[in-house]
$ cat coords.pdb   # PDB, C-alpha atoms, pLDDT in the B column
MODEL        1
ATOM      1  CA  MET T  19      12.457  44.418 -48.963  1.00 44.00           C
ATOM      2  CA  SER T  20      14.817  45.642 -46.246  1.00 45.00           C
ATOM      3  CA  ALA T  21      18.395  44.459 -46.017  1.00 46.00           C
ATOM      4  CA  ARG T  22      17.602  42.817 -42.681  1.00 50.00           C
ATOM      5  CA  ILE T  23      14.715  40.825 -44.129  1.00 46.00           C
ATOM      6  CA  GLU T  24      16.861  39.853 -47.109  1.00 49.00           C
ATOM      7  CA  ASN T  25      19.403  38.580 -44.613  1.00 55.00           C
ATOM      8  CA  MET T  26      16.687  36.439 -43.060  1.00 55.00           C
ATOM      9  CA  TYR T  27      15.882  34.848 -46.395  1.00 55.00           C
ATOM     10  CA  THR T  28      19.580  34.334 -47.055  1.00 60.00           C
ATOM     11  CA  LEU T  29      19.692  32.654 -43.670  1.00 58.00           C
ATOM     12  CA  LEU T  30      17.467  29.868 -44.959  1.00 56.00           C
ATOM     13  CA  VAL T  31      20.092  28.904 -47.508  1.00 57.00           C
ATOM     14  CA  ALA T  32      23.041  29.604 -45.225  1.00 58.00           C
ATOM     15  CA  HIS T  33      21.676  27.414 -42.470  1.00 57.00           C
ATOM     16  CA  PHE T  34      20.994  24.517 -44.822  1.00 55.00           C
ATOM     17  CA  VAL T  35      24.521  24.648 -46.231  1.00 56.00           C
ATOM     18  CA  CYS T  36      26.091  24.916 -42.771  1.00 58.00           C
ATOM     19  CA  TRP T  37      23.968  22.048 -41.503  1.00 56.00           C
ATOM     20  CA  VAL T  38      24.822  19.751 -44.405  1.00 49.00           C
ATOM     21  CA  LEU T  39      28.536  20.544 -44.419  1.00 51.00           C
ATOM     22  CA  PHE T  40      29.267  21.020 -40.728  1.00 54.00           C
ATOM     23  CA  GLY T  41      26.202  19.929 -38.751  1.00 56.00           C
ATOM     24  CA  LYS T  42      26.120  23.345 -37.037  1.00 60.00           C
ATOM     25  CA  ALA T  43      23.528  26.102 -36.733  1.00 61.00           C
ATOM     26  CA  ASP T  44      25.812  28.782 -35.315  1.00 64.00           C
ATOM     27  CA  VAL T  45      24.649  31.216 -37.973  1.00 66.00           C
ATOM     28  CA  PHE T  46      21.513  31.778 -35.864  1.00 70.00           C
ATOM     29  CA  LYS T  47      23.549  33.238 -33.008  1.00 71.00           C
ATOM     30  CA  LYS T  48      23.782  36.553 -34.851  1.00 71.00           C
ATOM     31  CA  PHE T  49      20.107  37.136 -34.035  1.00 74.00           C
ATOM     32  CA  LYS T  50      20.604  36.736 -30.293  1.00 75.00           C
ATOM     33  CA  ASP T  51      21.598  39.316 -27.699  1.00 72.00           C
ATOM     34  CA  GLU T  52      25.148  38.430 -26.662  1.00 68.00           C
ATOM     35  CA  GLU T  53      24.729  39.672 -23.090  1.00 69.00           C
ATOM     36  CA  GLU T  54      21.356  38.138 -22.213  1.00 69.00           C
ATOM     37  CA  GLY T  55      21.572  35.155 -24.537  1.00 71.00           C
ATOM     38  CA  LYS T  56      18.033  35.724 -25.806  1.00 78.00           C
ATOM     39  CA  PHE T  57      16.757  36.530 -29.266  1.00 80.00           C
ATOM     40  CA  GLU T  58      16.742  40.259 -29.974  1.00 77.00           C
ATOM     41  CA  GLU T  59      13.683  42.152 -28.763  1.00 78.00           C
ATOM     42  CA  SER T  60      13.511  44.005 -32.093  1.00 77.00           C
ATOM     43  CA  LEU T  61      12.437  40.761 -33.761  1.00 80.00           C
ATOM     44  CA  ILE T  62       9.253  40.615 -31.692  1.00 83.00           C
ATOM     45  CA  THR T  63       7.707  43.642 -33.382  1.00 81.00           C
ATOM     46  CA  ASP T  64       8.574  42.643 -36.952  1.00 83.00           C
ATOM     47  CA  ALA T  65       6.261  39.866 -38.139  1.00 86.00           C
ATOM     48  CA  GLN T  66       8.049  39.514 -41.484  1.00 85.00           C
ATOM     49  CA  GLU T  67      11.380  38.848 -39.819  1.00 83.00           C
ATOM     50  CA  LEU T  68       9.748  36.472 -37.358  1.00 87.00           C
ATOM     51  CA  LEU T  69       8.112  34.574 -40.200  1.00 89.00           C
ATOM     52  CA  SER T  70      11.411  34.247 -42.064  1.00 84.00           C
ATOM     53  CA  LEU T  71      13.190  33.023 -38.944  1.00 84.00           C
ATOM     54  CA  TYR T  72      10.317  30.617 -38.240  1.00 88.00           C
ATOM     55  CA  GLU T  73      10.626  29.080 -41.710  1.00 86.00           C
ATOM     56  CA  ALA T  74      14.395  28.802 -41.233  1.00 81.00           C
ATOM     57  CA  THR T  75      13.921  26.775 -38.045  1.00 82.00           C
ATOM     58  CA  GLN T  76      11.892  24.230 -40.016  1.00 81.00           C
ATOM     59  CA  LEU T  77      15.112  23.085 -41.671  1.00 73.00           C
ATOM     60  CA  MET T  78      16.043  21.452 -38.380  1.00 72.00           C
ATOM     61  CA  VAL T  79      16.690  17.772 -39.077  1.00 65.00           C
ATOM     62  CA  HIS T  80      17.184  16.502 -35.542  1.00 63.00           C
ATOM     63  CA  ARG T  81      15.902  17.829 -32.246  1.00 57.00           C
ATOM     64  CA  GLU T  82      19.321  17.972 -30.644  1.00 53.00           C
ATOM     65  CA  CYS T  83      20.005  21.479 -31.975  1.00 68.00           C
ATOM     66  CA  HIS T  84      19.157  23.649 -28.968  1.00 78.00           C
ATOM     67  CA  ILE T  85      19.349  27.017 -30.701  1.00 78.00           C
ATOM     68  CA  LEU T  86      16.916  25.940 -33.414  1.00 79.00           C
ATOM     69  CA  GLU T  87      14.481  24.544 -30.866  1.00 84.00           C
ATOM     70  CA  GLU T  88      14.711  27.824 -28.986  1.00 85.00           C
ATOM     71  CA  ALA T  89      14.168  29.812 -32.185  1.00 84.00           C
ATOM     72  CA  LEU T  90      11.147  27.691 -33.096  1.00 87.00           C
ATOM     73  CA  VAL T  91       9.473  28.310 -29.733  1.00 89.00           C
ATOM     74  CA  PHE T  92      10.369  32.015 -29.844  1.00 89.00           C
ATOM     75  CA  THR T  93       9.015  32.616 -33.344  1.00 90.00           C
ATOM     76  CA  THR T  94       5.896  30.472 -32.946  1.00 92.00           C
ATOM     77  CA  THR T  95       4.900  32.157 -29.680  1.00 92.00           C
ATOM     78  CA  ASN T  96       5.421  35.681 -30.978  1.00 92.00           C
ATOM     79  CA  LEU T  97       3.787  35.084 -34.365  1.00 93.00           C
ATOM     80  CA  GLU T  98       0.700  33.742 -32.615  1.00 93.00           C
ATOM     81  CA  SER T  99       0.672  36.846 -30.410  1.00 91.00           C
ATOM     82  CA  LEU T 100       1.010  39.203 -33.376  1.00 91.00           C
ATOM     83  CA  LEU T 101      -1.561  37.402 -35.526  1.00 91.00           C
ATOM     84  CA  PRO T 102      -4.667  39.344 -34.338  1.00 91.00           C
ATOM     85  CA  HIS T 103      -2.895  42.644 -35.035  1.00 90.00           C
ATOM     86  CA  LEU T 104      -1.772  41.941 -38.611  1.00 90.00           C
ATOM     87  CA  ASN T 105      -3.584  43.056 -41.735  1.00 88.00           C
ATOM     88  CA  ASN T 106      -5.821  40.397 -43.247  1.00 88.00           C
ATOM     89  CA  LEU T 107      -3.496  39.586 -46.136  1.00 88.00           C
ATOM     90  CA  PHE T 108      -0.355  39.044 -44.078  1.00 89.00           C
ATOM     91  CA  ALA T 109      -2.332  37.371 -41.291  1.00 91.00           C
ATOM     92  CA  GLU T 110      -3.482  34.785 -43.816  1.00 91.00           C
ATOM     93  CA  GLN T 111       0.117  34.108 -44.829  1.00 91.00           C
ATOM     94  CA  VAL T 112       1.319  33.822 -41.228  1.00 92.00           C
ATOM     95  CA  ASN T 113      -1.580  31.609 -40.188  1.00 93.00           C
ATOM     96  CA  HIS T 114      -0.933  29.313 -43.144  1.00 92.00           C
ATOM     97  CA  ALA T 115       2.774  29.081 -42.279  1.00 92.00           C
ATOM     98  CA  LEU T 116       2.011  28.211 -38.661  1.00 93.00           C
ATOM     99  CA  GLN T 117      -0.261  25.399 -39.772  1.00 92.00           C
ATOM    100  CA  LEU T 118       1.869  24.181 -42.666  1.00 90.00           C
ATOM    101  CA  PRO T 119       5.493  25.414 -42.887  1.00 89.00           C
ATOM    102  CA  ILE T 120       7.112  25.510 -46.335  1.00 83.00           C
ATOM    103  CA  ARG T 121       9.367  22.543 -45.565  1.00 81.00           C
ATOM    104  CA  LYS T 122       6.361  20.325 -44.789  1.00 83.00           C
ATOM    105  CA  ALA T 123       4.193  21.481 -47.686  1.00 85.00           C
ATOM    106  CA  LEU T 124       3.801  20.157 -51.220  1.00 85.00           C
ATOM    107  CA  THR T 125       5.859  22.492 -53.368  1.00 84.00           C
ATOM    108  CA  ARG T 126       3.371  23.085 -56.173  1.00 86.00           C
ATOM    109  CA  LEU T 127       0.369  23.424 -53.881  1.00 87.00           C
ATOM    110  CA  GLU T 128       2.320  25.882 -51.775  1.00 88.00           C
ATOM    111  CA  SER T 129       3.025  27.919 -54.914  1.00 89.00           C
ATOM    112  CA  ARG T 130      -0.684  27.961 -55.701  1.00 90.00           C
ATOM    113  CA  THR T 131      -1.529  29.093 -52.178  1.00 90.00           C
ATOM    114  CA  TYR T 132       1.053  31.867 -52.259  1.00 89.00           C
ATOM    115  CA  MET T 133      -0.201  33.137 -55.628  1.00 93.00           C
ATOM    116  CA  THR T 134      -3.659  33.781 -54.171  1.00 91.00           C
ATOM    117  CA  ILE T 135      -2.085  35.789 -51.360  1.00 89.00           C
ATOM    118  CA  TYR T 136       0.479  37.573 -53.520  1.00 90.00           C
ATOM    119  CA  GLN T 137      -2.039  38.827 -56.082  1.00 92.00           C
ATOM    120  CA  GLU T 138      -3.912  40.707 -53.342  1.00 90.00           C
ATOM    121  CA  ASP T 139      -0.771  42.595 -52.376  1.00 87.00           C
ATOM    122  CA  ASP T 140      -0.794  46.085 -53.906  1.00 88.00           C
ATOM    123  CA  ARG T 141       2.965  45.852 -54.374  1.00 88.00           C
ATOM    124  CA  HIS T 142       2.863  42.670 -56.456  1.00 91.00           C
ATOM    125  CA  ASN T 143       4.677  42.403 -59.772  1.00 94.00           C
ATOM    126  CA  GLN T 144       1.975  41.685 -62.353  1.00 95.00           C
ATOM    127  CA  ILE T 145       4.374  40.251 -64.938  1.00 96.00           C
ATOM    128  CA  LEU T 146       5.847  37.850 -62.390  1.00 95.00           C
ATOM    129  CA  LEU T 147       2.357  36.881 -61.197  1.00 95.00           C
ATOM    130  CA  ASN T 148       1.152  36.227 -64.744  1.00 96.00           C
ATOM    131  CA  PHE T 149       4.209  34.100 -65.439  1.00 96.00           C
ATOM    132  CA  ALA T 150       3.638  32.081 -62.250  1.00 94.00           C
ATOM    133  CA  LYS T 151      -0.001  31.459 -63.188  1.00 95.00           C
ATOM    134  CA  LEU T 152       0.952  30.449 -66.723  1.00 96.00           C
ATOM    135  CA  ASP T 153       3.599  28.057 -65.423  1.00 93.00           C
ATOM    136  CA  PHE T 154       1.119  26.522 -62.976  1.00 93.00           C
ATOM    137  CA  ASN T 155      -1.598  26.103 -65.611  1.00 94.00           C
ATOM    138  CA  LEU T 156       0.773  24.564 -68.154  1.00 93.00           C
ATOM    139  CA  LEU T 157       1.973  22.081 -65.569  1.00 92.00           C
ATOM    140  CA  GLN T 158      -1.637  21.236 -64.728  1.00 92.00           C
ATOM    141  CA  LYS T 159      -2.126  20.263 -68.372  1.00 94.00           C
ATOM    142  CA  VAL T 160       0.933  18.005 -68.185  1.00 94.00           C
ATOM    143  CA  HIS T 161      -0.442  16.266 -65.105  1.00 94.00           C
ATOM    144  CA  GLN T 162      -3.868  15.866 -66.701  1.00 95.00           C
ATOM    145  CA  ARG T 163      -2.328  14.149 -69.742  1.00 95.00           C
ATOM    146  CA  GLU T 164      -0.256  11.877 -67.506  1.00 96.00           C
ATOM    147  CA  LEU T 165      -3.251  10.905 -65.412  1.00 95.00           C
ATOM    148  CA  SER T 166      -5.349  10.326 -68.518  1.00 97.00           C
ATOM    149  CA  GLY T 167      -2.807   7.802 -69.822  1.00 96.00           C
ATOM    150  CA  ILE T 168      -2.509   6.036 -66.463  1.00 96.00           C
ATOM    151  CA  THR T 169      -6.303   5.885 -66.185  1.00 96.00           C
ATOM    152  CA  ARG T 170      -6.543   4.133 -69.551  1.00 96.00           C
ATOM    153  CA  TRP T 171      -4.014   1.535 -68.340  1.00 96.00           C
ATOM    154  CA  TRP T 172      -6.031   1.038 -65.149  1.00 95.00           C
ATOM    155  CA  LYS T 173      -9.323   0.590 -66.999  1.00 94.00           C
ATOM    156  CA  ASP T 174      -7.751  -1.931 -69.372  1.00 95.00           C
ATOM    157  CA  LEU T 175      -6.848  -4.084 -66.353  1.00 93.00           C
ATOM    158  CA  ASP T 176     -10.558  -4.069 -65.430  1.00 92.00           C
ATOM    159  CA  PHE T 177     -10.027  -4.609 -61.713  1.00 89.00           C
ATOM    160  CA  ALA T 178     -13.486  -3.158 -61.051  1.00 85.00           C
ATOM    161  CA  THR T 179     -14.905  -6.376 -62.542  1.00 90.00           C
ATOM    162  CA  THR T 180     -12.305  -8.977 -61.606  1.00 90.00           C
ATOM    163  CA  LEU T 181     -11.484  -7.633 -58.130  1.00 88.00           C
ATOM    164  CA  PRO T 182     -14.567  -5.642 -57.039  1.00 89.00           C
ATOM    165  CA  PHE T 183     -13.455  -5.610 -53.391  1.00 88.00           C
ATOM    166  CA  ALA T 184     -10.308  -3.620 -54.164  1.00 87.00           C
ATOM    167  CA  ARG T 185      -9.986   0.129 -53.804  1.00 86.00           C
ATOM    168  CA  ASP T 186     -10.186   2.291 -56.889  1.00 87.00           C
ATOM    169  CA  GLY T 187      -7.826   5.024 -55.743  1.00 88.00           C
ATOM    170  CA  LEU T 188      -5.711   5.681 -58.807  1.00 93.00           C
ATOM    171  CA  VAL T 189      -5.985   9.480 -58.608  1.00 93.00           C
ATOM    172  CA  GLU T 190      -5.024   9.363 -54.949  1.00 93.00           C
ATOM    173  CA  CYS T 191      -1.949   7.287 -55.811  1.00 94.00           C
ATOM    174  CA  TYR T 192      -0.942   9.760 -58.519  1.00 95.00           C
ATOM    175  CA  PHE T 193      -1.403  12.731 -56.207  1.00 91.00           C
ATOM    176  CA  TRP T 194       0.717  11.022 -53.575  1.00 90.00           C
ATOM    177  CA  ILE T 195       3.597  10.529 -55.999  1.00 93.00           C
ATOM    178  CA  LEU T 196       3.178  14.078 -57.268  1.00 89.00           C
ATOM    179  CA  GLY T 197       4.240  15.244 -53.841  1.00 86.00           C
ATOM    180  CA  VAL T 198       7.594  13.533 -54.346  1.00 88.00           C
ATOM    181  CA  TYR T 199       8.248  13.962 -58.073  1.00 91.00           C
ATOM    182  CA  TYR T 200       6.802  17.423 -58.640  1.00 88.00           C
ATOM    183  CA  VAL T 201       9.528  18.567 -61.054  1.00 89.00           C
ATOM    184  CA  PRO T 202       7.942  18.622 -64.553  1.00 90.00           C
ATOM    185  CA  GLN T 203      10.519  16.428 -66.295  1.00 92.00           C
ATOM    186  CA  TYR T 204       9.993  13.462 -63.921  1.00 94.00           C
ATOM    187  CA  ILE T 205       7.133  12.163 -66.043  1.00 94.00           C
ATOM    188  CA  LEU T 206       8.331   8.561 -66.225  1.00 96.00           C
ATOM    189  CA  ALA T 207       8.935   8.369 -62.472  1.00 96.00           C
ATOM    190  CA  ARG T 208       5.413   9.604 -61.751  1.00 96.00           C
ATOM    191  CA  LYS T 209       3.872   7.082 -64.137  1.00 96.00           C
ATOM    192  CA  ILE T 210       5.865   4.103 -62.880  1.00 96.00           C
ATOM    193  CA  LEU T 211       5.424   4.780 -59.172  1.00 96.00           C
ATOM    194  CA  THR T 212       1.720   5.562 -59.510  1.00 97.00           C
ATOM    195  CA  LYS T 213       1.257   2.138 -61.086  1.00 96.00           C
ATOM    196  CA  VAL T 214       3.413   0.478 -58.432  1.00 95.00           C
ATOM    197  CA  ILE T 215       1.405   2.012 -55.593  1.00 95.00           C
ATOM    198  CA  ALA T 216      -1.903   1.198 -57.293  1.00 94.00           C
ATOM    199  CA  MET T 217      -0.893  -2.456 -57.668  1.00 93.00           C
ATOM    200  CA  THR T 218       0.412  -2.529 -54.109  1.00 93.00           C
ATOM    201  CA  SER T 219      -2.956  -1.279 -52.859  1.00 93.00           C
ATOM    202  CA  ILE T 220      -4.607  -4.201 -54.675  1.00 92.00           C
ATOM    203  CA  VAL T 221      -2.327  -6.670 -52.894  1.00 91.00           C
ATOM    204  CA  ASP T 222      -2.985  -4.898 -49.602  1.00 92.00           C
ATOM    205  CA  ASP T 223      -6.739  -5.250 -50.085  1.00 91.00           C
ATOM    206  CA  ILE T 224      -6.368  -8.945 -50.880  1.00 90.00           C
ATOM    207  CA  TYR T 225      -4.749  -9.388 -47.479  1.00 91.00           C
ATOM    208  CA  ASP T 226      -7.010  -7.027 -45.532  1.00 89.00           C
ATOM    209  CA  VAL T 227     -10.408  -7.613 -47.119  1.00 86.00           C
ATOM    210  CA  TYR T 228     -10.667 -10.619 -49.369  1.00 87.00           C
ATOM    211  CA  GLY T 229      -8.435 -13.585 -48.594  1.00 86.00           C
ATOM    212  CA  THR T 230      -8.907 -16.235 -45.928  1.00 89.00           C
ATOM    213  CA  LEU T 231      -5.963 -17.222 -43.758  1.00 91.00           C
ATOM    214  CA  GLU T 232      -5.358 -20.402 -45.755  1.00 92.00           C
ATOM    215  CA  GLU T 233      -5.551 -18.550 -49.064  1.00 90.00           C
ATOM    216  CA  LEU T 234      -3.198 -15.835 -47.875  1.00 92.00           C
ATOM    217  CA  VAL T 235      -0.611 -18.368 -46.738  1.00 93.00           C
ATOM    218  CA  LEU T 236      -0.615 -19.901 -50.222  1.00 92.00           C
ATOM    219  CA  PHE T 237      -0.583 -16.442 -51.821  1.00 90.00           C
ATOM    220  CA  THR T 238       2.396 -15.376 -49.704  1.00 91.00           C
ATOM    221  CA  ASP T 239       4.279 -18.575 -50.545  1.00 92.00           C
ATOM    222  CA  ALA T 240       3.682 -17.952 -54.250  1.00 89.00           C
ATOM    223  CA  ILE T 241       5.018 -14.404 -53.980  1.00 87.00           C
ATOM    224  CA  GLU T 242       8.094 -15.517 -52.042  1.00 88.00           C
ATOM    225  CA  ARG T 243       8.864 -18.234 -54.603  1.00 87.00           C
ATOM    226  CA  SER T 244       8.613 -15.699 -57.417  1.00 83.00           C
ATOM    227  CA  LEU T 245      11.239 -13.553 -55.676  1.00 78.00           C
ATOM    228  CA  ILE T 246      13.780 -16.378 -55.490  1.00 72.00           C
ATOM    229  CA  PRO T 247      16.228 -16.095 -58.430  1.00 66.00           C
TER
ENDMDL
END
$ encode --input "coords.pdb" --output "structure tokens"
Amino acid sequence: MSARIENMYTLLVAHFVCWVLFGKADVFKKFKDEEEGKFEESLITDAQELLSLYEATQLMVHRECHILEEALVFTTTNLESLLPHLNNLFAEQVNHALQLPIRKALTRLESRTYMTIYQEDDRHNQILLNFAKLDFNLLQKVHQRELSGITRWWKDLDFATTLPFARDGLVECYFWILGVYYVPQYILARKILTKVIAMTSIVDDIYDVYGTLEELVLFTDAIERSLIP
């Protein structure tokens, strides 16, 4: 990896720190031509640098940062132009990033996607790849055990019999929470919030599908009374 590309990756961290501490993105100015005020022409021919800069722009929190908006348009336009001319492996990575930037992706699913691309690269580190696959598979086992326990709890409630109109979307609820609490040690948080969302979906279906207006008024009153200390 060239020093310039390494600088681009470092930029991701540098920008985030500068934004949090100072609310500024001046670090991006180093990639612009001082005389013309445009991003350097040399960036246009280097897809790897463009991709790194593109991912860095995704850290933009608000749209009032002009230089980041400019960088986003610049990188998106040029990556789309370069896409037909890239080798299949890198084109796949760029196309994926354009559709789903790292900042907007689920961390673990993004790791899985990158592994499939990385293993096709002749320069890949086999030990690192094997470790990544092992880590992913072990975590899958953890999630399977968690979901198995939550499923038993759900079946014991027997909503399929008592509330047949309600959605049975427990796995969907778990997957949703997994996008937030993806760190392995957050087991309890995943279990609790999956159950909370599952129960909330039941209440939602009572309002949307099952209850009459009169019944829902009484139901709402009962809930409100239960919330009063």
$ residues_around --input "coords.pdb" --residues "Glu98 in chain T" --least-positions-apart "2" --cutoff "10 Å" --atoms "only C-alpha atoms" --output "list in words"
Ala65, Thr93, Thr94, Thr95, Asn96, Leu100, Leu101, Pro102, His103, Ala109, Val112, Asn113 and Leu116 of chain T
$ atom_distance --input "coords.pdb" --atom1 "CA of Trp172 in chain T" --atom2 "CA of Thr218 in chain T"
13.3 Å
$ residues_around --input "coords.pdb" --residues "range 155-158 of chain T" --least-positions-apart "3" --cutoff "12 Å" --atoms "all atoms listed in the file" --output "ChimeraX atom specification"
/T:126-127,129-130,148-152,161-165,196,200-205
$ resolve_selection --input "coords.pdb" --expression "the PyMOL selection byres ((chain T and resi 184-188) around 8)" --output "list of chain:residue names"
T:Thr169, T:Trp172, T:Phe177, T:Ala178, T:Leu181, T:Pro182, T:Phe183, T:Val189, T:Glu190, T:Cys191, T:Tyr192, T:Thr212, T:Ala216, T:Ser219, T:Ile220, T:Asp223, T:Ile224
$ resolve_selection --input "coords.pdb" --expression "the PyMOL selection byres ((chain T and resi 90) around 10)" --output "PyMOL selection string"
chain T and resi 68+71-76+78+84-89+91-95
$ resolve_selection --input "coords.pdb" --expression "the PyMOL selection byres ((chain T and resi 58) around 12)" --output "number ranges by chain"
T: 46-57, 59-64, 67-68, 89, 92-93
$ atom_distance --input "coords.pdb" --atom1 "CA of Ile195 in chain T" --atom2 "CA of Arg208 in chain T"
6.1 Å
$ axis_aligned_box --input "coords.pdb" --around "range 140-159 of chain T" --padding-each-side "3 Å" --output "JSON"
{"center_x": 1.9, "center_y": 33.2, "center_z": -61.1, "size_x": 14.0, "size_y": 31.8, "size_z": 20.5}
$ atom_distance --input "coords.pdb" --atom1 "CA of Phe108 in chain T" --atom2 "CA of Gln66 in chain T"
8.8 Å
